[in-house]
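Have a look at my_file_10.pdb; it's PDB, C-alpha atoms:
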```pdb
ATOM      1  CA  MET C   1       0.000   0.000   0.000
ATOM      2  CA  LYS C   2       1.064   3.579  -0.687
ATOM      3  CA  THR C   3       1.662   5.233   2.649
ATOM      4  CA  LEU C   4       2.491   8.699   3.836
ATOM      5  CA  ALA C   5       5.824   7.279   5.011
ATOM      6  CA  GLU C   6       6.655   6.674   1.379
ATOM      7  CA  LEU C   7       5.875  10.306   0.628
ATOM      8  CA  ALA C   8       8.300  11.284   3.395
ATOM      9  CA  GLU C   9      10.971   9.223   1.609
ATOM     10  CA  ILE C  10      10.290  11.095  -1.629
ATOM     11  CA  ARG C  11      10.723  14.296   0.318
ATOM     12  CA  GLU C  12      14.157  13.272   1.654
ATOM     13  CA  LYS C  13      15.259  12.173  -1.798
ATOM     14  CA  MET C  14      14.143  15.407  -3.433
ATOM     15  CA  LYS C  15      15.351  17.924  -0.878
ATOM     16  CA  GLY C  16      18.845  18.197  -2.338
ATOM     17  CA  LYS C  17      17.633  18.207  -5.927
ATOM     18  CA  VAL C  18      15.137  21.014  -5.458
ATOM     19  CA  ALA C  19      17.723  23.176  -3.657
ATOM     20  CA  MET C  20      20.155  22.694  -6.553
ATOM     21  CA  ARG C  21      17.624  23.676  -9.150
ATOM     22  CA  GLN C  22      18.304  27.050 -10.640
ATOM     23  CA  ASN C  23      15.417  29.302 -11.490
ATOM     24  CA  ASP C  24      17.437  31.642 -13.645
ATOM     25  CA  GLY C  25      14.917  32.003 -16.451
ATOM     26  CA  ASN C  26      16.804  29.502 -18.557
ATOM     27  CA  GLU C  27      14.236  26.772 -18.340
ATOM     28  CA  THR C  28      11.950  25.681 -21.152
ATOM     29  CA  ARG C  29       8.273  26.189 -20.440
ATOM     30  CA  ILE C  30       5.555  23.943 -21.843
ATOM     31  CA  ILE C  31       2.105  25.502 -21.400
ATOM     32  CA  VAL C  32      -1.119  23.556 -21.855
ATOM     33  CA  GLY C  33      -4.494  25.265 -22.364
ATOM     34  CA  MET C  34      -6.877  23.897 -19.718
ATOM     35  CA  GLY C  35      -9.910  26.146 -20.235
ATOM     36  CA  THR C  36     -13.357  24.633 -20.877
ATOM     37  CA  CYS C  37     -12.530  24.421 -24.589
ATOM     38  CA  GLY C  38      -9.205  22.688 -23.960
ATOM     39  CA  ILE C  39     -10.691  20.211 -21.482
ATOM     40  CA  ALA C  40     -13.585  19.354 -23.813
ATOM     41  CA  ALA C  41     -11.181  18.856 -26.726
ATOM     42  CA  GLY C  42      -8.992  16.417 -24.793
ATOM     43  CA  ALA C  43      -6.314  18.473 -23.029
ATOM     44  CA  ARG C  44      -6.281  16.308 -19.901
ATOM     45  CA  PRO C  45      -4.483  13.305 -21.462
ATOM     46  CA  VAL C  46      -2.174  15.704 -23.331
ATOM     47  CA  LEU C  47      -1.088  17.315 -20.063
ATOM     48  CA  ALA C  48      -0.666  13.910 -18.413
ATOM     49  CA  ALA C  49       1.489  12.691 -21.320
ATOM     50  CA  LEU C  50       3.702  15.795 -21.185
ATOM     51  CA  VAL C  51       4.267  15.462 -17.430
ATOM     52  CA  GLU C  52       5.004  11.766 -17.818
ATOM     53  CA  GLU C  53       7.432  12.176 -20.722
ATOM     54  CA  VAL C  54       9.315  15.033 -19.048
ATOM     55  CA  SER C  55       9.710  12.852 -15.969
ATOM     56  CA  LYS C  56      10.632   9.727 -17.950
ATOM     57  CA  GLU C  57      13.304  11.611 -19.879
ATOM     58  CA  LYS C  58      14.548  13.210 -16.620
ATOM     59  CA  LEU C  59      14.080  16.722 -17.970
ATOM     60  CA  GLU C  60      12.559  18.201 -14.784
ATOM     61  CA  GLU C  61      15.627  20.282 -14.025
ATOM     62  CA  THR C  62      15.282  22.332 -17.194
ATOM     63  CA  VAL C  63      11.670  21.928 -18.310
ATOM     64  CA  THR C  64       8.468  22.978 -16.543
ATOM     65  CA  VAL C  65       4.941  21.975 -17.551
ATOM     66  CA  THR C  66       2.277  24.517 -16.598
ATOM     67  CA  GLN C  67      -1.398  25.166 -17.297
ATOM     68  CA  THR C  68      -3.268  28.161 -18.580
ATOM     69  CA  GLY C  69      -6.888  29.009 -19.415
ATOM     70  CA  CYS C  70      -8.502  29.629 -22.793
ATOM     71  CA  ILE C  71      -6.184  31.582 -25.074
ATOM     72  CA  GLY C  72      -8.832  32.360 -27.679
ATOM     73  CA  ILE C  73      -8.168  29.792 -30.387
ATOM     74  CA  CYS C  74     -10.676  27.227 -29.146
ATOM     75  CA  GLN C  75     -11.101  25.593 -32.550
ATOM     76  CA  TYR C  76      -7.461  24.481 -32.363
ATOM     77  CA  GLU C  77      -7.590  22.969 -28.886
ATOM     78  CA  PRO C  78      -5.892  21.106 -27.307
ATOM     79  CA  VAL C  79      -3.191  23.766 -27.648
ATOM     80  CA  VAL C  80       0.353  23.431 -26.291
ATOM     81  CA  GLU C  81       2.878  26.268 -26.316
ATOM     82  CA  VAL C  82       6.606  25.729 -25.994
ATOM     83  CA  ILE C  83       8.724  28.658 -24.871
ATOM     84  CA  GLU C  84      12.454  28.136 -24.957
ATOM     85  CA  PRO C  85      14.769  30.870 -23.696
ATOM     86  CA  GLY C  86      15.953  33.119 -26.485
ATOM     87  CA  LYS C  87      13.690  31.503 -29.085
ATOM     88  CA  GLU C  88      10.351  32.324 -30.602
ATOM     89  CA  LYS C  89       7.292  30.658 -29.027
ATOM     90  CA  VAL C  90       6.055  27.540 -30.818
ATOM     91  CA  THR C  91       2.299  26.842 -30.759
ATOM     92  CA  TYR C  92       1.181  23.261 -31.282
ATOM     93  CA  VAL C  93      -2.495  22.646 -32.052
ATOM     94  CA  LYS C  94      -5.028  19.793 -32.057
ATOM     95  CA  MET C  95      -2.745  17.855 -29.775
ATOM     96  CA  THR C  96      -3.105  14.279 -28.544
ATOM     97  CA  ALA C  97      -1.125  12.269 -25.994
ATOM     98  CA  GLU C  98       0.793  10.604 -28.845
ATOM     99  CA  LYS C  99       1.664  13.929 -30.456
ATOM    100  CA  ALA C 100       2.770  15.210 -27.048
ATOM    101  CA  GLN C 101       5.213  12.331 -26.739
ATOM    102  CA  ARG C 102       6.704  13.240 -30.102
ATOM    103  CA  VAL C 103       7.005  16.907 -29.154
ATOM    104  CA  VAL C 104       8.982  15.990 -26.028
ATOM    105  CA  ALA C 105      11.232  13.564 -27.909
ATOM    106  CA  GLU C 106      11.830  15.590 -31.071
ATOM    107  CA  HIS C 107      11.486  19.206 -29.982
ATOM    108  CA  ILE C 108      12.275  19.402 -26.261
ATOM    109  CA  LYS C 109      14.977  16.717 -26.307
ATOM    110  CA  GLY C 110      16.024  16.790 -29.942
ATOM    111  CA  GLY C 111      15.793  20.529 -30.519
ATOM    112  CA  LYS C 112      13.785  20.161 -33.717
ATOM    113  CA  VAL C 113      10.290  21.717 -33.935
ATOM    114  CA  VAL C 114       7.619  19.205 -35.058
ATOM    115  CA  THR C 115       6.387  21.461 -37.832
ATOM    116  CA  ALA C 116       3.434  19.277 -38.861
ATOM    117  CA  PHE C 117       1.741  19.893 -35.485
ATOM    118  CA  THR C 118       2.258  23.662 -35.361
ATOM    119  CA  ILE C 119      -0.520  26.192 -35.856
ATOM    120  CA  GLY C 120       1.195  27.417 -39.020
ATOM    121  CA  ALA C 121       0.777  23.998 -40.633
ATOM    122  CA  ASN C 122      -2.844  23.659 -39.479
ATOM    123  CA  VAL C 123      -4.634  26.896 -40.312
ATOM    124  CA  ALA C 124      -7.576  26.437 -42.641
ATOM    125  CA  LYS C 125      -6.401  27.161 -46.137
TER
ATOM    126  CA  MET A   1     -18.061  16.479 -22.323
ATOM    127  CA  ARG A   2     -17.827  12.768 -22.443
ATOM    128  CA  GLU A   3     -17.044  12.171 -18.772
ATOM    129  CA  LEU A   4     -18.401  13.823 -15.636
ATOM    130  CA  SER A   5     -14.835  13.946 -14.316
ATOM    131  CA  LEU A   6     -14.107  16.470 -17.091
ATOM    132  CA  ASN A   7     -17.044  18.634 -15.947
ATOM    133  CA  ILE A   8     -15.683  18.440 -12.407
ATOM    134  CA  LEU A   9     -12.269  19.548 -13.700
ATOM    135  CA  ASP A  10     -13.894  22.451 -15.542
ATOM    136  CA  ILE A  11     -15.888  23.638 -12.510
ATOM    137  CA  ALA A  12     -12.868  23.332 -10.222
ATOM    138  CA  GLN A  13     -10.920  25.520 -12.660
ATOM    139  CA  ASN A  14     -13.656  28.158 -12.195
ATOM    140  CA  SER A  15     -12.999  27.964  -8.438
ATOM    141  CA  VAL A  16      -9.286  28.488  -9.106
ATOM    142  CA  ARG A  17     -10.067  31.574 -11.186
ATOM    143  CA  ALA A  18     -12.282  32.837  -8.357
ATOM    144  CA  GLU A  19      -9.088  32.992  -6.261
ATOM    145  CA  ALA A  20     -10.093  30.199  -3.893
ATOM    146  CA  THR A  21      -7.484  28.986  -1.415
ATOM    147  CA  ALA A  22      -9.475  25.919  -0.398
ATOM    148  CA  ILE A  23     -11.543  23.728  -2.719
ATOM    149  CA  THR A  24     -13.461  20.676  -1.566
ATOM    150  CA  ILE A  25     -14.711  18.124  -4.068
ATOM    151  CA  THR A  26     -17.132  15.557  -2.713
ATOM    152  CA  LEU A  27     -18.746  12.714  -4.607
ATOM    153  CA  MET A  28     -21.480  10.618  -3.052
ATOM    154  CA  GLU A  29     -22.833   7.503  -4.696
ATOM    155  CA  ASP A  30     -25.749   5.614  -3.249
ATOM    156  CA  ALA A  31     -26.885   2.050  -3.763
ATOM    157  CA  GLU A  32     -29.736   3.154  -6.060
ATOM    158  CA  GLY A  33     -27.343   4.614  -8.640
ATOM    159  CA  TRP A  34     -27.591   8.306  -7.774
ATOM    160  CA  LEU A  35     -24.386  10.306  -7.894
ATOM    161  CA  THR A  36     -24.207  13.697  -6.188
ATOM    162  CA  PHE A  37     -21.103  15.775  -6.600
ATOM    163  CA  GLU A  38     -20.276  19.067  -5.039
ATOM    164  CA  ILE A  39     -17.445  21.517  -5.677
ATOM    165  CA  ALA A  40     -17.219  24.024  -2.841
ATOM    166  CA  ASP A  41     -14.723  26.869  -2.757
ATOM    167  CA  ASN A  42     -13.854  29.890  -0.647
ATOM    168  CA  GLY A  43     -13.291  32.113  -3.666
ATOM    169  CA  LYS A  44     -14.658  35.558  -4.326
ATOM    170  CA  GLY A  45     -18.189  34.325  -4.986
ATOM    171  CA  MET A  46     -20.899  35.812  -7.199
ATOM    172  CA  ASP A  47     -23.872  38.063  -6.596
ATOM    173  CA  ALA A  48     -27.404  36.757  -7.139
ATOM    174  CA  GLU A  49     -27.658  38.223 -10.631
ATOM    175  CA  THR A  50     -24.437  36.553 -11.759
ATOM    176  CA  VAL A  51     -25.535  33.215 -10.273
ATOM    177  CA  ARG A  52     -28.764  33.500 -12.250
ATOM    178  CA  ARG A  53     -26.864  34.177 -15.441
ATOM    179  CA  VAL A  54     -24.095  31.586 -15.296
ATOM    180  CA  SER A  55     -26.450  28.883 -16.495
ATOM    181  CA  ASP A  56     -27.162  30.928 -19.600
ATOM    182  CA  PRO A  57     -24.929  29.844 -22.480
ATOM    183  CA  PHE A  58     -24.673  33.411 -23.708
ATOM    184  CA  TYR A  59     -23.229  34.609 -20.464
ATOM    185  CA  THR A  60     -19.540  34.158 -19.769
ATOM    186  CA  THR A  61     -16.880  35.926 -17.742
ATOM    187  CA  ARG A  62     -14.264  35.117 -20.284
ATOM    188  CA  THR A  63     -13.029  37.919 -22.491
ATOM    189  CA  THR A  64     -11.660  35.780 -25.315
ATOM    190  CA  ARG A  65     -15.064  34.876 -26.678
ATOM    191  CA  ARG A  66     -18.673  35.482 -25.799
ATOM    192  CA  VAL A  67     -20.048  32.032 -25.075
ATOM    193  CA  GLY A  68     -19.628  30.046 -21.857
ATOM    194  CA  LEU A  69     -20.793  26.465 -22.096
ATOM    195  CA  GLY A  70     -19.500  24.692 -18.994
ATOM    196  CA  LEU A  71     -22.401  25.131 -16.584
ATOM    197  CA  PRO A  72     -25.322  25.208 -19.082
ATOM    198  CA  PHE A  73     -24.238  21.879 -20.553
ATOM    199  CA  LEU A  74     -23.760  20.394 -17.120
ATOM    200  CA  ARG A  75     -27.274  21.466 -16.110
ATOM    201  CA  LEU A  76     -28.686  19.938 -19.280
ATOM    202  CA  ALA A  77     -26.736  16.720 -18.739
ATOM    203  CA  ALA A  78     -27.922  16.395 -15.126
ATOM    204  CA  GLU A  79     -31.555  17.189 -15.901
ATOM    205  CA  GLN A  80     -31.608  14.727 -18.800
ATOM    206  CA  THR A  81     -31.050  11.931 -16.286
ATOM    207  CA  GLY A  82     -33.729  13.219 -13.913
ATOM    208  CA  GLY A  83     -31.164  14.944 -11.727
ATOM    209  CA  SER A  84     -30.425  18.600 -11.077
ATOM    210  CA  LEU A  85     -27.832  21.351 -10.842
ATOM    211  CA  GLU A  86     -27.721  23.885  -8.069
ATOM    212  CA  ILE A  87     -25.390  26.853  -7.644
ATOM    213  CA  ARG A  88     -25.110  28.758  -4.386
ATOM    214  CA  SER A  89     -22.765  31.656  -3.919
ATOM    215  CA  THR A  90     -21.897  34.389  -1.458
ATOM    216  CA  PRO A  91     -19.808  37.250  -2.755
ATOM    217  CA  ARG A  92     -16.786  38.477  -0.884
ATOM    218  CA  GLY A  93     -17.633  41.347   1.435
ATOM    219  CA  GLU A  94     -20.955  39.870   2.581
ATOM    220  CA  GLY A  95     -19.817  38.194   5.749
ATOM    221  CA  GLU A  96     -17.160  35.628   6.462
ATOM    222  CA  ASP A  97     -18.349  32.728   4.354
ATOM    223  CA  HIS A  98     -17.798  33.862   0.805
ATOM    224  CA  GLY A  99     -17.453  31.341  -1.977
ATOM    225  CA  THR A 100     -19.401  29.157  -4.351
ATOM    226  CA  VAL A 101     -20.931  25.697  -4.165
ATOM    227  CA  VAL A 102     -21.901  23.839  -7.321
ATOM    228  CA  ARG A 103     -23.923  20.717  -6.670
ATOM    229  CA  ALA A 104     -25.024  18.295  -9.374
ATOM    230  CA  VAL A 105     -27.158  15.187  -9.085
ATOM    231  CA  PHE A 106     -27.139  12.467 -11.724
ATOM    232  CA  ASN A 107     -29.068   9.226 -12.075
ATOM    233  CA  MET A 108     -26.183   7.083 -13.291
ATOM    234  CA  LYS A 109     -28.589   4.306 -14.310
ATOM    235  CA  HIS A 110     -30.265   6.577 -16.835
ATOM    236  CA  ILE A 111     -29.375   5.815 -20.437
ATOM    237  CA  ASP A 112     -28.277   9.429 -21.052
ATOM    238  CA  ALA A 113     -25.914   9.572 -18.070
ATOM    239  CA  ALA A 114     -22.268  10.048 -19.026
ATOM    240  CA  PRO A 115     -19.840   7.865 -17.066
ATOM    241  CA  LEU A 116     -17.934   9.426 -14.173
ATOM    242  CA  GLY A 117     -14.674   8.644 -15.953
ATOM    243  CA  ASP A 118     -11.160   9.206 -14.736
ATOM    244  CA  MET A 119     -11.302  11.181 -11.478
ATOM    245  CA  ILE A 120      -7.672  10.327 -10.743
ATOM    246  CA  SER A 121      -6.480  12.238 -13.826
ATOM    247  CA  THR A 122      -8.746  15.153 -12.969
ATOM    248  CA  LEU A 123      -7.234  15.381  -9.476
ATOM    249  CA  CYS A 124      -3.670  15.071 -10.785
ATOM    250  CA  VAL A 125      -4.292  17.945 -13.230
ATOM    251  CA  LEU A 126      -5.732  20.124 -10.452
ATOM    252  CA  LEU A 127      -2.919  19.430  -7.981
ATOM    253  CA  GLN A 128      -0.248  19.831 -10.649
ATOM    254  CA  GLY A 129      -1.741  23.128 -11.791
ATOM    255  CA  GLN A 130      -2.513  24.611  -8.378
ATOM    256  CA  PRO A 131      -0.292  22.950  -5.769
ATOM    257  CA  GLN A 132      -0.769  25.786  -3.259
ATOM    258  CA  ILE A 133      -4.540  25.266  -2.899
ATOM    259  CA  ASN A 134      -5.934  23.210  -0.041
ATOM    260  CA  TRP A 135      -7.668  20.538  -2.050
ATOM    261  CA  LEU A 136      -9.865  18.066  -0.244
ATOM    262  CA  TYR A 137     -11.345  15.148  -2.154
ATOM    263  CA  ILE A 138     -13.807  12.670  -0.705
ATOM    264  CA  HIS A 139     -15.591  10.072  -2.815
ATOM    265  CA  THR A 140     -17.978   7.881  -0.867
ATOM    266  CA  THR A 141     -19.618   4.822  -2.351
ATOM    267  CA  PRO A 142     -21.577   1.925  -0.843
ATOM    268  CA  ARG A 143     -18.338  -0.063  -1.209
ATOM    269  CA  GLY A 144     -16.077   2.337   0.667
ATOM    270  CA  GLU A 145     -14.387   5.698   0.479
ATOM    271  CA  VAL A 146     -11.519   7.362  -1.413
ATOM    272  CA  ARG A 147      -9.909  10.392   0.151
ATOM    273  CA  LEU A 148      -7.138  12.864  -0.609
ATOM    274  CA  ASP A 149      -6.234  15.833   1.564
ATOM    275  CA  ALA A 150      -3.635  18.210   0.151
ATOM    276  CA  GLU A 151      -2.983  19.718   3.579
ATOM    277  CA  GLU A 152      -2.125  16.321   4.964
ATOM    278  CA  LEU A 153       0.333  15.702   2.106
ATOM    279  CA  ARG A 154       1.861  19.131   2.512
ATOM    280  CA  ALA A 155       2.423  18.449   6.220
ATOM    281  CA  VAL A 156       4.567  15.465   5.211
ATOM    282  CA  LEU A 157       6.371  17.214   2.367
ATOM    283  CA  GLY A 158       7.289  20.368   4.245
ATOM    284  CA  GLU A 159       7.696  23.782   2.713
ATOM    285  CA  ASP A 160      10.438  23.155   0.197
ATOM    286  CA  ILE A 161       8.810  20.326  -1.778
ATOM    287  CA  SER A 162       5.776  21.455  -3.765
ATOM    288  CA  LEU A 163       2.857  19.174  -4.597
ATOM    289  CA  ASP A 164       3.459  19.732  -8.300
ATOM    290  CA  GLU A 165       6.803  17.915  -8.334
ATOM    291  CA  THR A 166       6.466  15.074 -10.811
ATOM    292  CA  GLU A 167       7.512  12.432  -8.294
ATOM    293  CA  VAL A 168       4.852  13.683  -5.901
ATOM    294  CA  ILE A 169       2.171  13.735  -8.613
ATOM    295  CA  ASN A 170       3.133  10.185  -9.573
ATOM    296  CA  TRP A 171       2.825   9.133  -5.943
ATOM    297  CA  ILE A 172      -0.594  10.806  -5.700
ATOM    298  CA  ARG A 173      -1.725   8.961  -8.829
ATOM    299  CA  ASP A 174      -0.647   5.606  -7.346
ATOM    300  CA  TYR A 175      -2.120   6.484  -3.945
ATOM    301  CA  LEU A 176      -5.538   7.166  -5.494
ATOM    302  CA  ASP A 177      -5.241   4.181  -7.823
ATOM    303  CA  GLU A 178      -4.748   1.869  -4.873
ATOM    304  CA  GLN A 179      -7.659   3.349  -2.959
ATOM    305  CA  TYR A 180      -9.943   2.942  -5.960
ATOM    306  CA  SER A 181      -8.785  -0.629  -6.586
ATOM    307  CA  THR A 182      -9.935  -1.621  -3.086
ATOM    308  CA  LEU A 183     -13.468  -0.488  -4.035
ATOM    309  CA  ASP A 184     -13.760  -2.861  -6.998
TER
END
```
The structure in this file should be written as C-alpha cells.
Amino acid sequence: MKTLAELAEIREKMKGKVAMRQNDGNETRIIVGMGTCGIAAGARPVLAALVEEVSKEKLEETVTVTQTGCIGICQYEPVVEVIEPGKEKVTYVKMTAEKAQRVVAEHIKGGKVVTAFTIGANVAK
Amino acid sequence: MRELSLNILDIAQNSVRAEATAITITLMEDAEGWLTFEIADNGKGMDAETVRRVSDPFYTTRTTRRVGLGLPFLRLAAEQTGGSLEIRSTPRGEGEDHGTVVRAVFNMKHIDAAPLGDMISTLCVLLQGQPQINWLYIHTTPRGEVRLDAEELRAVLGEDISLDETEVINWIRDYLDEQYSTLD
C-alpha cells in the first residue's frame, strides 16, 4: 500500500535536488491550455502525457509543464505552447497524448520543432 | 463532455479563477445509482444576478469569446437523467463565508448519463496546476471511500517540496489508484 511514510521518503530524496535547481529564467516552459474548450477537446491526457514524458526523460531540471486558461483559439484545442529561452514561441495545435510524446522527444529533447503539429501547418487554407 | 470527471475539472478551474485557497470536491454515490457531486470553494463568490446568469450559455466571464458552455451543458446533462444542478454563492464582502458551491445530481442508471470517468487524472491535473490550494477530495460509495487531503500531504512534504513535483504527482496517482482498486 502507498503510505504517507513513502511520501516522506520522496521528500528526503528530493530535498537536495530542489535546492540545486536554478530558477534563472533559462528553463523551457511547456504551457497547456486547460480552459473549458481545452478540457472538452482532450487536453487532460495531453497534459498527463507531457508530465510523464518530461519525468521519464529526466528533464525536470530544465523543463516545466504549466497550465493556462482559454487563449482564444478554441477551434485548435488542445493547444500546447513551448517557450524556450531566447527563441520564438512555438504553438502546437489539435494535440493528442501521442503527439505530445513526439514533441517531447523531437522538440524538447532533440531541438527540432515538429512542424506538422504547429498552428502554421494547421490553419484552414 | 464525455465524462463527468471532465465537468468536475472544468468547474474546479472556475474555483481556481475565483481565487479560492481551499476547494473541496465531494462525490457521493448511493446504492440506487444516484451520484451527487459538489465543488465548494472559498473564492470571491458571485452576486445573485451573476448566479442567475451563469447557467445561460450566452453569459460568460471570459473575455476571449462570448459564449460560456460549462455550466449550461452540465445542467442539461444532469436534468436529462432526472437529476439537477444547483449553484449557491456568497460574494466576498458579505460576511465571512464567501465562496461558491456547485452541486449536481445524476441518475447514473439513466441511459443518457455520461460515465464518471477518470477522477484520478482530474485530481492530478488540479494538484499539478494549483499545488498551493488546499484541495480536499472525498468520494464515498456503498463499497467504501476514497480520500485525498492536500494539507495532509503538505504536512509530510514540508515547505520546500511542492505538490506539483512530478515524483509527488506520480505518488498521488498511485495512492488514489490503490484506494480505488480496493473499491472494486
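If all atoms listed in the file are the atoms counted, then among A:Val125, A:Ile138, A:Ile8, A:Leu183 the closest residue to chain C is A:Val125.
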Using only C-alpha atoms, find which residues of chain C lie within 6 Å of chain A and jot them down as a ChimeraX atom specification. /C:2,8,11,36,40,67,72
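Taken over the shown file, the PyMOL selection byres ((chain A and resi 115) around 8) identifies Arg2, Glu3, Leu4, Met108, Ala113, Ala114, Leu116 and Gly117 of chain A.
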Return as lines of an AutoDock Vina configuration file the box centre and box size in Å, one decimal, for an axis-aligned box around all listed atoms of segment 36-45 of chain C padded by 6 Å per side.
```
center_x = -9.0
center_y = 19.0
center_z = -23.3
size_x = 21.1
size_y = 23.3
size_z = 18.8
```
Residue contacts of Arg29 of chain C (9 Å, only C-alpha atoms) excluding same-chain residues fewer than 3 positions away, as a ChimeraX atom specification: /C:62-66,81-85
Every residue with an atom at most 9 Å from (-16.9, 26.7, -7.2) (file coordinates; only C-alpha atoms) is what I'm after, so could you write them as a compact mmCIF listing (two decimals) with C-alpha atoms, in the frame of the given file?
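So the final result, stored in result_38.txt, reads:
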```txt
# COMPACT_ATOMS: atom_id res chain seq x y z
CA ILE A 11 -15.89 23.64 -12.51
CA ALA A 12 -12.87 23.33 -10.22
CA GLN A 13 -10.92 25.52 -12.66
CA ASN A 14 -13.66 28.16 -12.20
CA SER A 15 -13.00 27.96 -8.44
CA VAL A 16 -9.29 28.49 -9.11
CA ALA A 18 -12.28 32.84 -8.36
CA ALA A 20 -10.09 30.20 -3.89
CA ILE A 23 -11.54 23.73 -2.72
CA THR A 24 -13.46 20.68 -1.57
CA GLU A 38 -20.28 19.07 -5.04
CA ILE A 39 -17.44 21.52 -5.68
CA ALA A 40 -17.22 24.02 -2.84
CA ASP A 41 -14.72 26.87 -2.76
CA ASN A 42 -13.85 29.89 -0.65
CA GLY A 43 -13.29 32.11 -3.67
CA GLY A 45 -18.19 34.33 -4.99
CA ILE A 87 -25.39 26.85 -7.64
CA ARG A 88 -25.11 28.76 -4.39
CA SER A 89 -22.76 31.66 -3.92
CA GLY A 99 -17.45 31.34 -1.98
CA THR A 100 -19.40 29.16 -4.35
CA VAL A 101 -20.93 25.70 -4.16
CA VAL A 102 -21.90 23.84 -7.32
```
Could you check how far atom CA of Pro78 of chain C sits from atom CA of Thr50 of chain A, in Å to one decimal? 28.7 Å
Point-to-point distance from atom CA of Arg102 of chain C to atom CA of Val114 of chain C, Å rounded to tenths: 7.8 Å
Would you mind completing segment 28-45 of chain C to N, CA and C atoms and writing the output as an mmCIF file, in the coordinates of the input?
```cif
data_model
loop_
_atom_site.group_PDB
_atom_site.id
_atom_site.type_symbol
_atom_site.label_atom_id
_atom_site.label_comp_id
_atom_site.auth_asym_id
_atom_site.auth_seq_id
_atom_site.Cartn_x
_atom_site.Cartn_y
_atom_site.Cartn_z
ATOM 1 N N THR C 28 12.949 25.747 -20.091
ATOM 2 C CA THR C 28 11.950 25.681 -21.152
ATOM 3 C C THR C 28 10.583 25.538 -20.501
ATOM 4 N N ARG C 29 9.616 26.294 -20.997
ATOM 5 C CA ARG C 29 8.273 26.189 -20.440
ATOM 6 C C ARG C 29 7.324 25.569 -21.455
ATOM 7 N N ILE C 30 6.602 24.548 -21.019
ATOM 8 C CA ILE C 30 5.555 23.943 -21.843
ATOM 9 C C ILE C 30 4.230 24.331 -21.202
ATOM 10 N N ILE C 31 3.357 24.988 -21.963
ATOM 11 C CA ILE C 31 2.105 25.502 -21.400
ATOM 12 C C ILE C 31 0.914 24.841 -22.097
ATOM 13 N N VAL C 32 0.032 24.265 -21.304
ATOM 14 C CA VAL C 32 -1.119 23.556 -21.855
ATOM 15 C C VAL C 32 -2.394 24.339 -21.552
ATOM 16 N N GLY C 33 -3.227 24.565 -22.552
ATOM 17 C CA GLY C 33 -4.494 25.265 -22.364
ATOM 18 C C GLY C 33 -5.502 24.355 -21.687
ATOM 19 N N MET C 34 -5.927 24.737 -20.455
ATOM 20 C CA MET C 34 -6.877 23.897 -19.718
ATOM 21 C C MET C 34 -8.164 24.662 -19.432
ATOM 22 N N GLY C 35 -8.595 25.520 -20.356
ATOM 23 C CA GLY C 35 -9.910 26.146 -20.235
ATOM 24 C C GLY C 35 -10.984 25.113 -20.588
ATOM 25 N N THR C 36 -12.256 25.537 -20.534
ATOM 26 C CA THR C 36 -13.357 24.633 -20.877
ATOM 27 C C THR C 36 -13.154 24.026 -22.266
ATOM 28 N N CYS C 37 -12.724 24.881 -23.208
ATOM 29 C CA CYS C 37 -12.530 24.421 -24.589
ATOM 30 C C CYS C 37 -11.424 23.376 -24.674
ATOM 31 N N GLY C 38 -10.322 23.628 -23.958
ATOM 32 C CA GLY C 38 -9.205 22.688 -23.960
ATOM 33 C C GLY C 38 -9.605 21.355 -23.340
ATOM 34 N N ILE C 39 -10.276 21.429 -22.183
ATOM 35 C CA ILE C 39 -10.691 20.211 -21.482
ATOM 36 C C ILE C 39 -11.623 19.383 -22.368
ATOM 37 N N ALA C 40 -12.610 20.064 -22.982
ATOM 38 C CA ALA C 40 -13.585 19.354 -23.813
ATOM 39 C C ALA C 40 -12.915 18.736 -25.036
ATOM 40 N N ALA C 41 -11.844 19.360 -25.523
ATOM 41 C CA ALA C 41 -11.181 18.856 -26.726
ATOM 42 C C ALA C 41 -10.168 17.756 -26.419
ATOM 43 N N GLY C 42 -9.897 17.512 -25.131
ATOM 44 C CA GLY C 42 -8.992 16.417 -24.793
ATOM 45 C C GLY C 42 -7.643 16.835 -24.236
ATOM 46 N N ALA C 43 -7.592 17.984 -23.550
ATOM 47 C CA ALA C 43 -6.314 18.473 -23.029
ATOM 48 C C ALA C 43 -5.805 17.663 -21.829
ATOM 49 N N ARG C 44 -6.718 17.007 -21.115
ATOM 50 C CA ARG C 44 -6.281 16.308 -19.901
ATOM 51 C C ARG C 44 -5.252 15.212 -20.184
ATOM 52 N N PRO C 45 -5.519 14.299 -21.151
ATOM 53 C CA PRO C 45 -4.483 13.305 -21.462
ATOM 54 C C PRO C 45 -3.221 13.904 -22.082
#
```
